[in-house]
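> So I've got this file, coords.pdb, and it contains PDB, C-alpha atoms, pLDDT in the B column:
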```pdb
ATOM      1  CA  LYS I 221      70.807 180.928  80.026  1.00 77.00           C
ATOM      2  CA  GLU I 222      73.351 182.609  82.227  1.00 92.00           C
ATOM      3  CA  TYR I 223      76.863 181.195  81.934  1.00 94.00           C
ATOM      4  CA  LEU I 224      79.606 181.423  84.523  1.00 95.00           C
ATOM      5  CA  ASN I 225      83.301 181.136  83.773  1.00 94.00           C
ATOM      6  CA  ILE I 226      84.365 179.283  86.903  1.00 91.00           C
ATOM      7  CA  GLU I 227      88.066 179.481  86.004  1.00 89.00           C
ATOM      8  CA  THR I 228      87.760 183.262  86.176  1.00 92.00           C
ATOM      9  CA  LEU I 229      85.467 183.408  89.210  1.00 93.00           C
ATOM     10  CA  ASN I 230      87.244 180.785  91.310  1.00 92.00           C
ATOM     11  CA  PRO I 231      90.342 179.281  89.657  1.00 87.00           C
ATOM     12  CA  LEU I 232      91.201 177.189  92.737  1.00 92.00           C
ATOM     13  CA  LEU I 233      87.911 175.309  92.544  1.00 91.00           C
ATOM     14  CA  PHE I 234      89.337 172.838  90.019  1.00 90.00           C
ATOM     15  CA  ASP I 235      92.334 172.115  92.260  1.00 91.00           C
ATOM     16  CA  ASN I 236      90.241 171.635  95.381  1.00 93.00           C
ATOM     17  CA  VAL I 237      87.075 169.921  94.120  1.00 93.00           C
ATOM     18  CA  SER I 238      87.761 166.585  92.451  1.00 94.00           C
ATOM     19  CA  VAL I 239      84.442 166.462  90.572  1.00 96.00           C
ATOM     20  CA  MET I 240      85.109 169.850  88.968  1.00 95.00           C
ATOM     21  CA  ASN I 241      88.599 168.780  87.923  1.00 93.00           C
ATOM     22  CA  GLN I 242      87.200 165.578  86.385  1.00 95.00           C
ATOM     23  CA  LEU I 243      84.507 167.570  84.583  1.00 96.00           C
ATOM     24  CA  ARG I 244      87.102 169.970  83.191  1.00 92.00           C
ATOM     25  CA  GLU I 245      89.161 167.055  81.821  1.00 90.00           C
ATOM     26  CA  LEU I 246      86.092 165.429  80.265  1.00 93.00           C
ATOM     27  CA  ARG I 247      84.978 168.705  78.728  1.00 92.00           C
ATOM     28  CA  GLU I 248      88.430 169.238  77.212  1.00 86.00           C
ATOM     29  CA  LYS I 249      88.080 165.784  75.640  1.00 86.00           C
ATOM     30  CA  ILE I 250      84.650 166.729  74.279  1.00 89.00           C
ATOM     31  CA  ILE I 251      86.185 169.775  72.580  1.00 84.00           C
ATOM     32  CA  MET I 252      88.878 167.530  71.045  1.00 79.00           C
ATOM     33  CA  TYR I 253      86.255 165.132  69.729  1.00 84.00           C
ATOM     34  CA  LYS I 254      84.175 168.011  68.369  1.00 82.00           C
ATOM     35  CA  ALA I 255      86.950 169.297  66.140  1.00 72.00           C
ATOM     36  CA  HIS I 256      87.140 165.982  64.333  1.00 73.00           C
ATOM     37  CA  PHE I 257      83.529 164.840  64.422  1.00 82.00           C
ATOM     38  CA  PHE I 258      82.755 167.766  62.120  1.00 76.00           C
ATOM     39  CA  GLN I 259      84.799 165.953  59.468  1.00 77.00           C
ATOM     40  CA  CYS I 260      83.130 162.572  60.030  1.00 85.00           C
ATOM     41  CA  SER I 261      79.877 162.044  58.154  1.00 88.00           C
ATOM     42  CA  LYS I 262      79.076 159.001  60.306  1.00 90.00           C
ATOM     43  CA  ALA I 263      79.390 161.053  63.511  1.00 90.00           C
ATOM     44  CA  LEU I 264      77.099 163.685  62.045  1.00 88.00           C
ATOM     45  CA  ARG I 265      74.572 161.059  60.894  1.00 90.00           C
ATOM     46  CA  GLU I 266      74.642 159.399  64.316  1.00 89.00           C
ATOM     47  CA  GLY I 267      73.955 162.749  65.986  1.00 89.00           C
ATOM     48  CA  MET I 268      77.009 162.622  68.216  1.00 89.00           C
ATOM     49  CA  PHE I 269      76.584 166.305  69.138  1.00 85.00           C
ATOM     50  CA  LEU I 270      72.961 165.742  70.110  1.00 88.00           C
ATOM     51  CA  LYS I 271      74.080 163.622  73.049  1.00 90.00           C
ATOM     52  CA  LEU I 272      74.697 166.912  74.844  1.00 88.00           C
ATOM     53  CA  LYS I 273      71.787 168.868  73.370  1.00 84.00           C
ATOM     54  CA  SER I 274      70.662 170.150  76.772  1.00 87.00           C
ATOM     55  CA  ARG I 275      74.245 171.286  77.426  1.00 93.00           C
ATOM     56  CA  GLN I 276      75.300 172.748  74.078  1.00 89.00           C
ATOM     57  CA  HIS I 277      77.828 174.942  75.875  1.00 92.00           C
ATOM     58  CA  PHE I 278      79.783 171.766  76.755  1.00 93.00           C
ATOM     59  CA  ILE I 279      80.425 171.300  73.029  1.00 88.00           C
ATOM     60  CA  ASP I 280      81.234 174.947  72.400  1.00 84.00           C
ATOM     61  CA  THR I 281      83.643 175.552  75.279  1.00 86.00           C
ATOM     62  CA  SER I 282      85.132 173.767  78.268  1.00 85.00           C
ATOM     63  CA  LYS I 283      85.050 176.855  80.466  1.00 88.00           C
ATOM     64  CA  LEU I 284      81.398 177.881  80.901  1.00 94.00           C
ATOM     65  CA  TYR I 285      78.932 176.437  83.397  1.00 96.00           C
ATOM     66  CA  THR I 286      75.314 177.170  84.193  1.00 96.00           C
ATOM     67  CA  LEU I 287      73.984 177.259  87.720  1.00 95.00           C
ATOM     68  CA  ARG I 288      72.185 173.995  86.908  1.00 96.00           C
ATOM     69  CA  ASP I 289      75.528 172.411  85.915  1.00 96.00           C
ATOM     70  CA  LEU I 290      77.048 173.397  89.263  1.00 96.00           C
ATOM     71  CA  VAL I 291      74.066 172.125  91.265  1.00 96.00           C
ATOM     72  CA  GLU I 292      74.146 168.799  89.377  1.00 97.00           C
ATOM     73  CA  ALA I 293      77.934 168.558  89.784  1.00 96.00           C
ATOM     74  CA  ASN I 294      77.476 169.008  93.516  1.00 96.00           C
ATOM     75  CA  SER I 295      74.652 166.452  93.688  1.00 97.00           C
ATOM     76  CA  GLY I 296      76.698 163.874  91.792  1.00 96.00           C
ATOM     77  CA  THR I 297      74.470 163.551  88.713  1.00 97.00           C
ATOM     78  CA  LEU I 298      76.472 165.575  86.187  1.00 97.00           C
ATOM     79  CA  LEU I 299      79.754 163.638  86.213  1.00 97.00           C
ATOM     80  CA  PRO I 300      78.228 160.246  85.268  1.00 97.00           C
ATOM     81  CA  GLU I 301      76.182 161.906  82.506  1.00 96.00           C
ATOM     82  CA  VAL I 302      79.268 163.515  80.961  1.00 96.00           C
ATOM     83  CA  GLN I 303      81.347 160.337  81.429  1.00 96.00           C
ATOM     84  CA  THR I 304      78.711 158.385  79.493  1.00 95.00           C
ATOM     85  CA  VAL I 305      78.833 160.865  76.611  1.00 95.00           C
ATOM     86  CA  VAL I 306      82.647 160.761  76.459  1.00 93.00           C
ATOM     87  CA  GLU I 307      82.518 156.935  76.518  1.00 93.00           C
ATOM     88  CA  ASP I 308      80.032 157.039  73.607  1.00 93.00           C
ATOM     89  CA  TYR I 309      82.382 159.371  71.729  1.00 91.00           C
ATOM     90  CA  ALA I 310      85.332 157.047  72.398  1.00 87.00           C
ATOM     91  CA  ARG I 311      83.312 154.042  71.232  1.00 89.00           C
ATOM     92  CA  HIS I 312      82.418 155.845  68.005  1.00 90.00           C
ATOM     93  CA  VAL I 313      86.078 156.620  67.347  1.00 84.00           C
ATOM     94  CA  GLN I 314      87.103 153.041  68.054  1.00 83.00           C
ATOM     95  CA  ASP I 315      84.486 151.683  65.626  1.00 87.00           C
ATOM     96  CA  CYS I 316      84.804 154.357  62.913  1.00 87.00           C
ATOM     97  CA  ASP I 317      87.431 153.985  60.172  1.00 85.00           C
ATOM     98  CA  THR I 318      87.282 157.679  59.343  1.00 84.00           C
ATOM     99  CA  CYS I 319      88.026 158.745  62.916  1.00 81.00           C
ATOM    100  CA  THR I 320      90.668 156.138  63.764  1.00 76.00           C
ATOM    101  CA  ASN I 321      92.641 156.918  60.620  1.00 78.00           C
ATOM    102  CA  LYS I 322      92.610 160.681  61.128  1.00 75.00           C
ATOM    103  CA  LYS I 323      96.115 161.591  62.241  1.00 76.00           C
ATOM    104  CA  PHE I 324      98.146 164.710  61.554  1.00 76.00           C
ATOM    105  CA  LEU I 325     101.736 165.851  61.461  1.00 82.00           C
ATOM    106  CA  CYS I 326     102.368 168.564  64.022  1.00 85.00           C
ATOM    107  CA  PRO I 327     102.692 171.834  62.047  1.00 85.00           C
ATOM    108  CA  VAL I 328     105.286 173.212  64.476  1.00 88.00           C
ATOM    109  CA  CYS I 329     107.868 170.406  64.724  1.00 90.00           C
ATOM    110  CA  GLU I 330     106.725 168.262  61.768  1.00 88.00           C
ATOM    111  CA  ALA I 331     107.939 165.218  63.700  1.00 86.00           C
ATOM    112  CA  PRO I 332     106.379 162.056  65.133  1.00 82.00           C
ATOM    113  CA  PRO I 333     104.352 161.045  66.929  1.00 82.00           C
ATOM    114  CA  LEU I 334     101.464 161.774  64.627  1.00 82.00           C
ATOM    115  CA  ILE I 335      98.714 163.681  66.355  1.00 80.00           C
ATOM    116  CA  SER I 336      95.254 162.356  66.850  1.00 73.00           C
ATOM    117  CA  PRO I 337      92.625 164.262  68.791  1.00 63.00           C
ATOM    118  CA  PHE I 338      92.109 161.033  70.667  1.00 64.00           C
ATOM    119  CA  ASN I 339      95.656 160.893  72.050  1.00 62.00           C
ATOM    120  CA  ASP I 340      96.047 161.402  75.747  1.00 62.00           C
ATOM    121  CA  VAL I 341      94.577 164.838  76.369  1.00 61.00           C
ATOM    122  CA  TYR I 342      97.777 165.866  78.180  1.00 68.00           C
ATOM    123  CA  SER I 343     100.092 165.101  75.238  1.00 79.00           C
ATOM    124  CA  ILE I 344      98.277 167.441  72.857  1.00 81.00           C
ATOM    125  CA  ALA I 345      96.870 170.961  72.988  1.00 81.00           C
ATOM    126  CA  GLN I 346      94.156 172.640  70.999  1.00 78.00           C
ATOM    127  CA  CYS I 347      93.941 176.237  69.852  1.00 79.00           C
ATOM    128  CA  SER I 348      90.924 177.892  71.461  1.00 74.00           C
ATOM    129  CA  GLN I 349      90.263 179.919  68.294  1.00 76.00           C
ATOM    130  CA  CYS I 350      90.478 177.434  65.409  1.00 75.00           C
ATOM    131  CA  HIS I 351      90.590 174.142  67.377  1.00 72.00           C
ATOM    132  CA  GLY I 352      93.780 173.066  65.583  1.00 77.00           C
ATOM    133  CA  VAL I 353      95.645 170.286  67.423  1.00 80.00           C
ATOM    134  CA  LEU I 354      99.412 170.307  68.151  1.00 83.00           C
ATOM    135  CA  HIS I 355     101.834 168.493  70.446  1.00 88.00           C
ATOM    136  CA  ARG I 356     101.502 170.196  73.831  1.00 88.00           C
ATOM    137  CA  PRO I 357     105.225 171.139  74.066  1.00 91.00           C
ATOM    138  CA  CYS I 358     105.062 172.639  70.558  1.00 90.00           C
ATOM    139  CA  PHE I 359     101.914 174.567  71.448  1.00 88.00           C
ATOM    140  CA  ASN I 360     103.529 175.871  74.653  1.00 88.00           C
ATOM    141  CA  LYS I 361     106.672 177.130  72.902  1.00 87.00           C
ATOM    142  CA  SER I 362     104.859 178.599  69.891  1.00 81.00           C
ATOM    143  CA  ASP I 363     103.918 182.255  70.253  1.00 80.00           C
ATOM    144  CA  LYS I 364     100.998 181.917  67.829  1.00 83.00           C
ATOM    145  CA  CYS I 365      98.921 179.133  66.390  1.00 84.00           C
ATOM    146  CA  PRO I 366     100.247 177.987  63.000  1.00 84.00           C
ATOM    147  CA  TYR I 367      96.730 177.104  61.842  1.00 81.00           C
ATOM    148  CA  CYS I 368      95.409 180.584  62.653  1.00 81.00           C
ATOM    149  CA  SER I 369      98.483 182.168  61.049  1.00 76.00           C
ATOM    150  CA  ALA I 370      97.926 180.150  57.856  1.00 66.00           C
ATOM    151  CA  SER I 371      94.267 181.218  57.800  1.00 53.00           C
ATOM    152  CA  LEU I 372      95.264 184.878  58.045  1.00 49.00           C
ATOM    153  CA  ILE I 373      97.687 184.478  55.134  1.00 48.00           C
ATOM    154  CA  LEU I 374      95.006 182.778  53.031  1.00 45.00           C
ATOM    155  CA  GLU I 375      92.546 185.596  53.756  1.00 47.00           C
ATOM    156  CA  LEU I 376      94.997 188.181  52.404  1.00 41.00           C
TER     157      LEU I 376
END
```
Could you render the structure as C-alpha cells?

Amino acid sequence: KEYLNIETLNPLLFDNVSVMNQLRELREKIIMYKAHFFQCSKALREGMFLKLKSRQHFIDTSKLYTLRDLVEANSGTLLPEVQTVVEDYARHVQDCDTCTNKKFLCPVCEAPPLISPFNDVYSIAQCSQCHGVLHRPCFNKSDKCPYCSASLILEL
C-alpha cells in the first residue's frame, strides 16, 4: 500500500476540512489507546487492535493515509467507521479494571493530575518515538522525552 503524509503534503487540509480534522483527533486517540492496550491482557484477548485490521496504519501512526482512506473520508464512510472503533475502545476502558486504574505521575513535573491515556486528548501529549504520555505543557517545555532519555541510559 502507498501511504501519504497529508500533514506534509497539505498541512492546511486539517484546518479547512472538518472531516479530516475529526479523523486526526480520533486517530490521535487511537494511538493513546494503543500504548496502554498493549499492557492489558483483556484488550489483547478481545482483539481490540483487530477492529482496525484493514487499516493497520491507523494503529501505527496518526499521520499516514491511503488513497482509499481519503476517498472514503470524502464519501462520508470513513469517519463513522473510526468513531465506532474509538467508542468500542472507550467502552473497553470504562468496563476494564486494568485500564481504568492505569494512571501515571508525569515524569517531568511529578505533580497532579495523574495522567491517564484516556484523559482529554488535549491535556496530554505522547512521544512519537516511545509513546510515553506526559502533561501537554510539560511535553511542550521539555526539550527531550524523559522516557526516551531513561531508555538510553538503561541501554548504556
> For the structure shown, which residues end up in the PyMOL selection byres ((chain I and resi 345-358) around 7)? Put them as a PyMOL selection string, please?
chain I and resi 255+326+328-329+335+337+343-344+359-362+365+367-368
> Could you write those residues out with C-alpha atoms, as a PDB file, keeping the file's coordinate frame?

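So out09.pdb came out as:
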```pdb
ATOM      1  CA  ALA I 255      86.950 169.297  66.140  1.00 72.00           C
ATOM      2  CA  CYS I 326     102.368 168.564  64.022  1.00 85.00           C
ATOM      3  CA  VAL I 328     105.286 173.212  64.476  1.00 88.00           C
ATOM      4  CA  CYS I 329     107.868 170.406  64.724  1.00 90.00           C
ATOM      5  CA  ILE I 335      98.714 163.681  66.355  1.00 80.00           C
ATOM      6  CA  PRO I 337      92.625 164.262  68.791  1.00 63.00           C
ATOM      7  CA  SER I 343     100.092 165.101  75.238  1.00 79.00           C
ATOM      8  CA  ILE I 344      98.277 167.441  72.857  1.00 81.00           C
ATOM      9  CA  PHE I 359     101.914 174.567  71.448  1.00 88.00           C
ATOM     10  CA  ASN I 360     103.529 175.871  74.653  1.00 88.00           C
ATOM     11  CA  LYS I 361     106.672 177.130  72.902  1.00 87.00           C
ATOM     12  CA  SER I 362     104.859 178.599  69.891  1.00 81.00           C
ATOM     13  CA  CYS I 365      98.921 179.133  66.390  1.00 84.00           C
ATOM     14  CA  TYR I 367      96.730 177.104  61.842  1.00 81.00           C
ATOM     15  CA  CYS I 368      95.409 180.584  62.653  1.00 81.00           C
TER      16      CYS I 368
END
```
> Go through range 298-333 of chain I and flag each residue having an atom no more than 10 Å from range 272-275 of chain I; for those, report the closest pair of atoms plus their distance in Å to one decimal, using all atoms listed in the file, ordered by chain and rising number, as CSV.

```
residue,atom,partner,partner_atom,distance
I:Glu301,CA,I:Leu272,CA,9.3
I:Val302,CA,I:Leu272,CA,8.4
I:Val305,CA,I:Leu272,CA,7.5
```
> Would you place a box with edges along x, y and z of the file around all atoms of range 281-295 of chain I listed there, add 4 Å to each of its six sides, and report the centre and edge lengths in Å to one decimal, as JSON?

```
{"center_x": 78.7, "center_y": 172.2, "center_z": 84.5, "size_x": 20.9, "size_y": 19.4, "size_z": 26.4}
```
> Tell me which protein, DNA and RNA residues are within 12 Å of Gly267 in chain I, counting all atoms listed in the file, leaving out same-chain ones fewer than 5 positions away, and put them as a ChimeraX atom specification.
/I:254,257-258,260-262,272-273,305,308-309,312
> Rounded to one decimal, what separation in Å do you get between CA of Asp235 in chain I and CA of Thr281 in chain I?
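Taking CA of Asp235 in chain I as the start and CA of Thr281 in chain I as the end point, the length is 19.4 Å.
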